[in-house]
Structures are given as structure tokens and as C-alpha cells.
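To start, the structure under review is shown below, and the notes come after it.
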Amino acid sequence: MKVEQHTLERKYHDAVEHWRRHWLPDYDSLMAGWEKYFPKDDRFCLCAKMECDTPDRVSVGEHAGEKKRLAPDELTEDEARHLLAIIRAQASTEFGSIQQHSGTLARAQDDEDRFWVLRVMAEELRHGYQMFHLLLSQDWSKASGGVQGREMVEEILSMGTGSHVLDAFNLEYDSFVDNVCFAALVDRVGKYQLTMQKVCAYKPMADSMPPMLREEAFHLAAGVIPMRRWAKRAAQGDVLITMPAMQRSVNKWYPRALEMFGDERGGDTNVKMGFKDMKNRPAQDLYIEEVRRMIRDINLRYLRARFPDYRPEKAEQVLDEFERTRGRHQGVAYEDLLKLPDRRFFRRKGEPAWTMVGVDGDTFNDVEEYLRHLARQLSEAYLASRDMRLYAETLRGVASGQLTVEDATRRMPKLKRVGGTCPCSRSVRWVVEEPAVEDRR
Amino acid sequence: MPQVEAAVRVRPLDELDIGAIVRIDERITGIYRPEVWEQRVGYYLRRDPDASQVAEADGRVVGFMLGDLRAGEFGLEEPSGWIERFGIDPDYRGRDLGKRLFETILRHFRARGASTVRTLVDQKDTRVAGFLGALGFTPSGLLALEIQIPPSAQESS
């Protein structure tokens, strides 16, 4: 296994470092505390890592068996354009998650949790840097309509929470619970995307995936392990972290995570072009089952802490009973446990977009009743957000027939940072995107 | 012992395996210690997730082997693979799961440039020592040494 490290041309490297000083101001404290929290681990390196011994033949799609492409010029114009959109979206999510994490990082109750998230942020920065390496090491002009790599980098670095390509990266965190649940739920989608892209017919993209995936494994742990520990604390009566608080965060992020897979009916183009090895719905199905396992695992941790005398078989039996009857057991109610929301719950993109389905799968016909239901399922801080107000207004428009589902999805305004890459001197304004053809990525 | 031989799958460790590892450890030792395994799994995942593997049978994790690649310790400058923790559910012993886990990790260590795999075992634990011997481990030229720290004068008075 050979991994090559690459550094961007100085001006781009410096631009990323500049961005890092704004959005990852605790970077120096991460480096200072590295030996304490990550003893024996290699120190963080801001560089692109390329694994050299990945397969050199295309394994899926209409080019299966052919030699993988090494430069954008070897792709058709359509393929290059499609791949460029994937790389750009990937880069956007990496930088976007750092911006989200930074807002509530300091609120972590536990220093280890905070340092774990800090490391996640630094590694997401490296992943964004990796995508910049892909953008800048080749000429993409035939796919970008003449836009140069420099301009693409500037555009991505100028994005703020609200203007990223995928919606999950446009929501601010309400508390450190969001930092952790985001890592457990949204980073998990990242794992799926990176895994699917391991086969990519464009070899530099495929070569980028294994090092990113190795780092992503820890990012998921940085979500799940604190959730397990919080479940234990909640079971022992700690009032500072509760299962309902975690549930509300799950309810916020899970629908956005599902939408990151793209429309359930899409994904054919990625497979046909050899960029991914699964379509959207099958990948989303696997993800849902994995999250179901995660929720069950955390619930078992809760039950074992609540009933320390129970053997593992007994705790599993009690959990099975809860899932079947939704009843009570020795003072614990079904509502005290974490639950996997219905896959159609609170969706604004994809097959169930703007349908009014409750967290348990029940259907609503009245908008106001549905919004009251959402109010019971989401945190107060999130309910008071601009995102929720706009969601409610748009939902009312769909329900009254004033908006089509497609228009509603397009009309969700986005927060745009306009101008250059330095967030310290630029303004932010709300804009409504011009209608565009919805890409069922 | 399950009646039907289940298909076994060996795959890299992930964060959702913690519960299963806790359960296997509890079956072996009789001690429930999730905090220990949360810490250890976090450690192995952040270092090299492919250097730790689990075995699945009957749709659940029934064995695990955790290791990593290190260099520069004890004067050993070349990278060495280290096997540090492993366990097989007692109901699934005798099926070569430990061997399969080890072979998978061995391939990974080789790909990462290691030419030696190392571990430590309590000489009194004949079962584990026998398992490692069956995998091909032999006594190392390195000798494990230890010393008991004597209590301070204040503590002993």
C-alpha cells in the first residue's frame, strides 16, 4: 500500500490556511493537545494523500473493463461536467461541516469530546484540500465552461453556512449535541459516498478515497461513542444530557442525511459513467439499516446502564419487547429510548418531498397540525430558526396548491456569502436561486 | 453451539461493533466494561481501521482482533504489526475464526510494509498462548520485563 502526499501550489495552500484561521481558530490548541488526546498518532498534515495501488480498470458502467481515466480530457464533456459537480459538492461539504462545527464546539461539556471533534474538523479540512488537489492538478476548463480552477477554489472557500451545495451543510448547530449527532448521521452518509466512489472511473478520484475513508472511520466514532456515553449518563439520571435531547437532534439531521443520497429514483448516471457503484435508493436503504443498528446499540447501552443487573440477553429481550409493544418496563417508557424516524419524515427533497409524514410514519392532512407535530419533535432553538420559518411558509404554499413540489424545493432561499474568500471582510445576504433543472444526483 | 454452520464474513472494525465486542468480552471474562471498549475502539479506529477486523456469523459479530502498525518503540525502528486484543464468542470457537481474522490483518500489515508481527501473552494463559503458537508465533528475542513499584516510605509507614 503506497500513499503519496501532495501539497497545493503555495498561493492555494495559503488560501486554505487563511480560511482555516477564520473557521478553525482552535487549530493551534488541537496541535498543542495532540499528544494528550491522540498519543502515538501521526501528527495532522494538511496535504492531499493519493493511494497509488488502486485498480486501474473501470469496474462498473458502460466503460467497464477499460483503462481508468487519468485526466479530464479523457472523459467525455458530459462525464467531465458530471464528475466536476461531484468533486465540487464533495469539497463544499468538507468545508461546510467545519463551519457548522465551529459554532458550538466550545460548548462541549467534555474536553475529550471537544478534541475529538476538533480532530474531525482538521481532517475535514484535509478532505477539502484533497478535492482542491483534484480541481487544481488538471485542466477542467472543458467541463467548467471556461471557469478556472482558481475561481472554483475561491467560490468554494467563499461559501458559508447556507450556500453550500447540499442542504445538510446549510443548517447551523443548536448545541454540541448537534456536533455529535451530525458526526454519527451525516458523516455516515459521507462514508457511503466515499465508499461508492472508490470505484470511480477517474483514477485520481478513486485514489483519493481510501485515505479519506480511513479518517472517516474515526469521524463516525466521534459521533457514536459520545452518544453511547450520553445514553449511559441519561440512564443514570444526569439531567444535563437526555435521550429526548438526542432524539430531537436525530430528527433534525436524519432527513437531511437521507437527502444527501440524492433523489431515491436517481443515481443511474453515476453508475453508467462508472463514478459510483450504487444508485441512490439502494445506498440509502443500506444507510437506513446501519442507522437502525446504531440506534439499537445506543438503546442497549441505555438499558444496561438503567438495569445494571441485566445480562446482555435480558437487555436485548427487553429492547425487542419495547420495539414490539411500545410499552413500559420497570419505569422505562418506549419514549425514553431513541427511535429511528420514518424515512419520509420532514423531507423537502427526493421522492417524499413536502409530504406530511410524521416521525412514526403517520400521515397528516392539515399543515398546521403537521407543524405542531414537528414542533414536538425538534429542538426549540431549531424551531426558532430562519430555516424552519421558510420551511413552514413553503409547506403551506405546497399544501394550498400555490406551489408545486418542484417549485417548493427550488424556492428554498439560501444564505449566500458574496465576494471573495475572506469571511472577515465580506457581506452576507439572502438570495433566491434562479429556477434550475433539479439534478437527481 | 448453533446447529448450522454459518457463513463467516471477516471485515474491518467499525464504531457500531463496540456493543458486540463488549458482549464477547463479557461472555469470556464475566465483566461488563463498555467504557474500556469505547476507549479502545476509538483508539484503533483513529489509527488504522483496517488493522483491526471482526468476524460475522449468523448476522452478528462473533469475533474480533484489534491491532495496529507502529515503529520506533523499544528500539524497533522498522514498522511492526502489533496484535493487542482479540476474542471469539465461546459458542463459535473451533471454527478457525481467529485464524481468519489473523490472516486478514497479516495481509494488511504486509501491504503497509511490515515484516514482523508482535504480541505479548501471559505465559500462564496456556489457551491464548496455544492459539498464538498455532498461528505461528514463536518466542521473540525481546524479553518482556517488569518491576513492581515499591510503595513510598510515607505510604508504607
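Residue numbering restarts at 1 for every chain of the C-alpha cells, chains are lettered A, B, ... in their displayed order, and ligands are numbered from 1 as they appear.
Distance criterion 9 Å to chain B, applied with only C-alpha atoms, yields Met1, Lys2, Phe38, Lys40, Asp41, Asp42, Arg214, Glu215, Glu216, Ala217, Phe218, His219, Leu220, Ala221, Ala222, Val224, Ile225, Arg228, Arg229, Glu290, Arg293, Met294, Asp297, Ile298, Leu300, Arg301 and Pro312 of chain A on chain A.
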Exercise. Out of range 46-202 of chain A, which residues get strand (DSSP E) from DSSP, as a ChimeraX atom specification?
Worked result: /A:48-51
Output N, CA and C atoms for every residue in the selection just made, as a PDB file, in the first residue's frame.
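Everything below was put into again.pdb:
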ATOM      1  N   ALA A  48      -2.733  16.552   0.375  1.00  0.00           N
ATOM      2  CA  ALA A  48      -3.561  15.574  -0.341  1.00  0.00           C
ATOM      3  C   ALA A  48      -2.833  14.237  -0.300  1.00  0.00           C
ATOM      4  N   LYS A  49      -3.587  13.171  -0.046  1.00  0.00           N
ATOM      5  CA  LYS A  49      -2.993  11.826   0.011  1.00  0.00           C
ATOM      6  C   LYS A  49      -3.585  10.976  -1.103  1.00  0.00           C
ATOM      7  N   MET A  50      -2.740  10.397  -1.917  1.00  0.00           N
ATOM      8  CA  MET A  50      -3.199   9.573  -3.033  1.00  0.00           C
ATOM      9  C   MET A  50      -2.692   8.144  -2.841  1.00  0.00           C
ATOM     10  N   GLU A  51      -3.621   7.212  -2.790  1.00  0.00           N
ATOM     11  CA  GLU A  51      -3.223   5.806  -2.689  1.00  0.00           C
ATOM     12  C   GLU A  51      -2.907   5.307  -4.095  1.00  0.00           C
TER      13      GLU A  51
END
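Candidate residues B:Asp96, B:Glu78, B:Glu103, B:Glu84 were compared for distance to Ser115 in chain B, and the nearest is B:Glu78, using only C-alpha atoms.
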For this session: One decimal, Å: what's the distance from CA of Val3 in chain A over to CA of Met273 in chain A, could you say?
Result: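 So the two atoms, CA of Val3 in chain A and CA of Met273 in chain A, lie 26.1 Å apart.
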For this session: Name the residues in contact with range 86-93 of chain B at a cut-off of 8 Å, using only C-alpha atoms, excluding same-chain residues fewer than 5 positions from it; report them as a list in words.
Result: Met1, Pro2, Ile24, Asp25, Arg27, Ile28, Val62, Gly63, Phe64, Met65, Leu66 and Gly98 of chain B
Residues from the last selection, C-alpha atoms, saved as an mmCIF file, in the first residue's frame:
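Produced file result-v8.cif, reproduced below:
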data_model
loop_
_atom_site.group_PDB
_atom_site.id
_atom_site.type_symbol
_atom_site.label_atom_id
_atom_site.label_comp_id
_atom_site.auth_asym_id
_atom_site.auth_seq_id
_atom_site.Cartn_x
_atom_site.Cartn_y
_atom_site.Cartn_z
ATOM 1 C CA MET B 1 -23.376 -24.324 19.774
ATOM 2 C CA PRO B 2 -25.504 -23.287 16.761
ATOM 3 C CA ILE B 24 -17.995 -11.109 23.627
ATOM 4 C CA ASP B 25 -15.649 -9.794 26.300
ATOM 5 C CA ARG B 27 -19.024 -13.741 27.839
ATOM 6 C CA ILE B 28 -15.327 -14.539 28.177
ATOM 7 C CA VAL B 62 -18.798 -13.198 16.984
ATOM 8 C CA GLY B 63 -15.082 -12.458 16.994
ATOM 9 C CA PHE B 64 -12.650 -9.571 16.887
ATOM 10 C CA MET B 65 -8.930 -8.913 16.612
ATOM 11 C CA LEU B 66 -7.524 -5.443 17.220
ATOM 12 C CA GLY B 98 -9.210 -16.449 14.978
#
For this session: Give me the residues within 10 Å of Phe261 in chain A as a list in words, counting only C-alpha atoms and dropping any in the same chain fewer than 3 places off.
Result: Leu166, Val189, Gly190, Tyr192, Gln193, Arg256, Ala257, Leu258, Glu264, Gly266, Gly267, Lys279, Asn280, Arg281, Pro282, Ala283, Gln284, Tyr287, Gly350, Arg440 and Arg441 of chain A
Expected file contents, prior selection, N, CA and C atoms, as a PDB file, in the first residue's frame:
ATOM      1  N   LEU A 166     -25.107  21.040  -0.630  1.00  0.00           N
ATOM      2  CA  LEU A 166     -26.074  20.112  -0.043  1.00  0.00           C
ATOM      3  C   LEU A 166     -26.702  20.721   1.213  1.00  0.00           C
ATOM      4  N   VAL A 189     -23.212   9.313   5.949  1.00  0.00           N
ATOM      5  CA  VAL A 189     -23.521   9.418   4.511  1.00  0.00           C
ATOM      6  C   VAL A 189     -22.214   9.643   3.742  1.00  0.00           C
ATOM      7  N   GLY A 190     -21.345  10.472   4.338  1.00  0.00           N
ATOM      8  CA  GLY A 190     -20.039  10.706   3.711  1.00  0.00           C
ATOM      9  C   GLY A 190     -19.299   9.403   3.503  1.00  0.00           C
ATOM     10  N   TYR A 192     -20.590   6.506   3.007  1.00  0.00           N
ATOM     11  CA  TYR A 192     -21.212   5.808   1.870  1.00  0.00           C
ATOM     12  C   TYR A 192     -20.762   6.405   0.542  1.00  0.00           C
ATOM     13  N   GLN A 193     -20.753   7.736   0.480  1.00  0.00           N
ATOM     14  CA  GLN A 193     -20.358   8.379  -0.783  1.00  0.00           C
ATOM     15  C   GLN A 193     -18.912   8.032  -1.124  1.00  0.00           C
ATOM     16  N   ARG A 256     -32.163  15.253   6.524  1.00  0.00           N
ATOM     17  CA  ARG A 256     -31.183  15.917   5.643  1.00  0.00           C
ATOM     18  C   ARG A 256     -30.138  14.893   5.180  1.00  0.00           C
ATOM     19  N   ALA A 257     -29.781  13.983   6.072  1.00  0.00           N
ATOM     20  CA  ALA A 257     -28.799  12.952   5.698  1.00  0.00           C
ATOM     21  C   ALA A 257     -29.356  12.084   4.576  1.00  0.00           C
ATOM     22  N   LEU A 258     -30.627  11.701   4.684  1.00  0.00           N
ATOM     23  CA  LEU A 258     -31.235  10.867   3.628  1.00  0.00           C
ATOM     24  C   LEU A 258     -31.217  11.604   2.290  1.00  0.00           C
ATOM     25  N   GLU A 264     -34.391   9.440  -4.509  1.00  0.00           N
ATOM     26  CA  GLU A 264     -34.441   7.976  -4.438  1.00  0.00           C
ATOM     27  C   GLU A 264     -34.534   7.322  -5.817  1.00  0.00           C
ATOM     28  N   GLY A 266     -33.036   8.305  -8.515  1.00  0.00           N
ATOM     29  CA  GLY A 266     -31.902   8.658  -9.371  1.00  0.00           C
ATOM     30  C   GLY A 266     -30.632   7.896  -9.060  1.00  0.00           C
ATOM     31  N   GLY A 267     -29.571   8.358  -9.688  1.00  0.00           N
ATOM     32  CA  GLY A 267     -28.248   7.766  -9.472  1.00  0.00           C
ATOM     33  C   GLY A 267     -27.769   6.927 -10.643  1.00  0.00           C
ATOM     34  N   LYS A 279     -26.754   2.927  -7.065  1.00  0.00           N
ATOM     35  CA  LYS A 279     -27.716   4.009  -7.296  1.00  0.00           C
ATOM     36  C   LYS A 279     -28.172   4.551  -5.937  1.00  0.00           C
ATOM     37  N   ASN A 280     -28.959   5.627  -5.989  1.00  0.00           N
ATOM     38  CA  ASN A 280     -29.307   6.335  -4.750  1.00  0.00           C
ATOM     39  C   ASN A 280     -30.137   5.512  -3.774  1.00  0.00           C
ATOM     40  N   ARG A 281     -31.197   4.873  -4.264  1.00  0.00           N
ATOM     41  CA  ARG A 281     -32.098   4.195  -3.324  1.00  0.00           C
ATOM     42  C   ARG A 281     -31.424   3.001  -2.621  1.00  0.00           C
ATOM     43  N   PRO A 282     -30.753   2.121  -3.353  1.00  0.00           N
ATOM     44  CA  PRO A 282     -30.113   1.005  -2.635  1.00  0.00           C
ATOM     45  C   PRO A 282     -29.089   1.484  -1.610  1.00  0.00           C
ATOM     46  N   ALA A 283     -28.358   2.544  -1.943  1.00  0.00           N
ATOM     47  CA  ALA A 283     -27.377   3.070  -0.983  1.00  0.00           C
ATOM     48  C   ALA A 283     -28.101   3.624   0.241  1.00  0.00           C
ATOM     49  N   GLN A 284     -29.195   4.333  -0.021  1.00  0.00           N
ATOM     50  CA  GLN A 284     -29.962   4.900   1.093  1.00  0.00           C
ATOM     51  C   GLN A 284     -30.557   3.785   1.964  1.00  0.00           C
ATOM     52  N   TYR A 287     -27.932   2.511   4.237  1.00  0.00           N
ATOM     53  CA  TYR A 287     -27.673   3.526   5.268  1.00  0.00           C
ATOM     54  C   TYR A 287     -28.735   3.446   6.369  1.00  0.00           C
ATOM     55  N   GLY A 350     -36.334  14.802  -2.810  1.00  0.00           N
ATOM     56  CA  GLY A 350     -36.454  13.374  -3.067  1.00  0.00           C
ATOM     57  C   GLY A 350     -37.893  12.937  -3.233  1.00  0.00           C
ATOM     58  N   ARG A 440     -30.990  15.146 -10.140  1.00  0.00           N
ATOM     59  CA  ARG A 440     -31.196  13.994  -9.268  1.00  0.00           C
ATOM     60  C   ARG A 440     -29.858  13.310  -9.058  1.00  0.00           C
ATOM     61  N   ARG A 441     -28.976  13.994  -8.361  1.00  0.00           N
ATOM     62  CA  ARG A 441     -27.649  13.462  -8.189  1.00  0.00           C
ATOM     63  C   ARG A 441     -27.696  12.140  -7.457  1.00  0.00           C
TER      64      ARG A 441
END
For this session: Check the DSSP output for the backbone and give back, as number ranges by chain, the residues of range 252-343 of chain A in alpha helix (DSSP H).
Result: A: 252-259, 268-272, 280-306, 312-325
Write out as a PDB file with N, CA and C atoms, in the first residue's frame which residues come within 10 Å of Thr76 in chain A when counting only C-alpha atoms, dropping same-chain ones fewer than 5 positions away.
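And here is the file that came out, out_32.pdb:
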ATOM      1  N   ARG A  81     -18.224  17.060 -16.876  1.00  0.00           N
ATOM      2  CA  ARG A  81     -19.090  18.023 -16.201  1.00  0.00           C
ATOM      3  C   ARG A  81     -19.746  17.382 -14.965  1.00  0.00           C
ATOM      4  N   HIS A  82     -20.186  16.152 -15.146  1.00  0.00           N
ATOM      5  CA  HIS A  82     -20.843  15.430 -14.057  1.00  0.00           C
ATOM      6  C   HIS A  82     -19.866  15.184 -12.899  1.00  0.00           C
ATOM      7  N   LYS A 142     -12.849  22.397 -19.983  1.00  0.00           N
ATOM      8  CA  LYS A 142     -13.866  21.941 -20.938  1.00  0.00           C
ATOM      9  C   LYS A 142     -15.173  21.561 -20.240  1.00  0.00           C
ATOM     10  N   ALA A 143     -15.063  21.259 -18.936  1.00  0.00           N
ATOM     11  CA  ALA A 143     -16.268  20.891 -18.184  1.00  0.00           C
ATOM     12  C   ALA A 143     -16.838  22.054 -17.400  1.00  0.00           C
ATOM     13  N   MET A 273     -21.732   6.080 -15.825  1.00  0.00           N
ATOM     14  CA  MET A 273     -20.437   6.701 -16.135  1.00  0.00           C
ATOM     15  C   MET A 273     -19.269   6.069 -15.369  1.00  0.00           C
TER      16      MET A 273
END
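When CA of Pro12 in chain B is paired with CA of Ser52 in chain B, their separation reads 5.9 Å.
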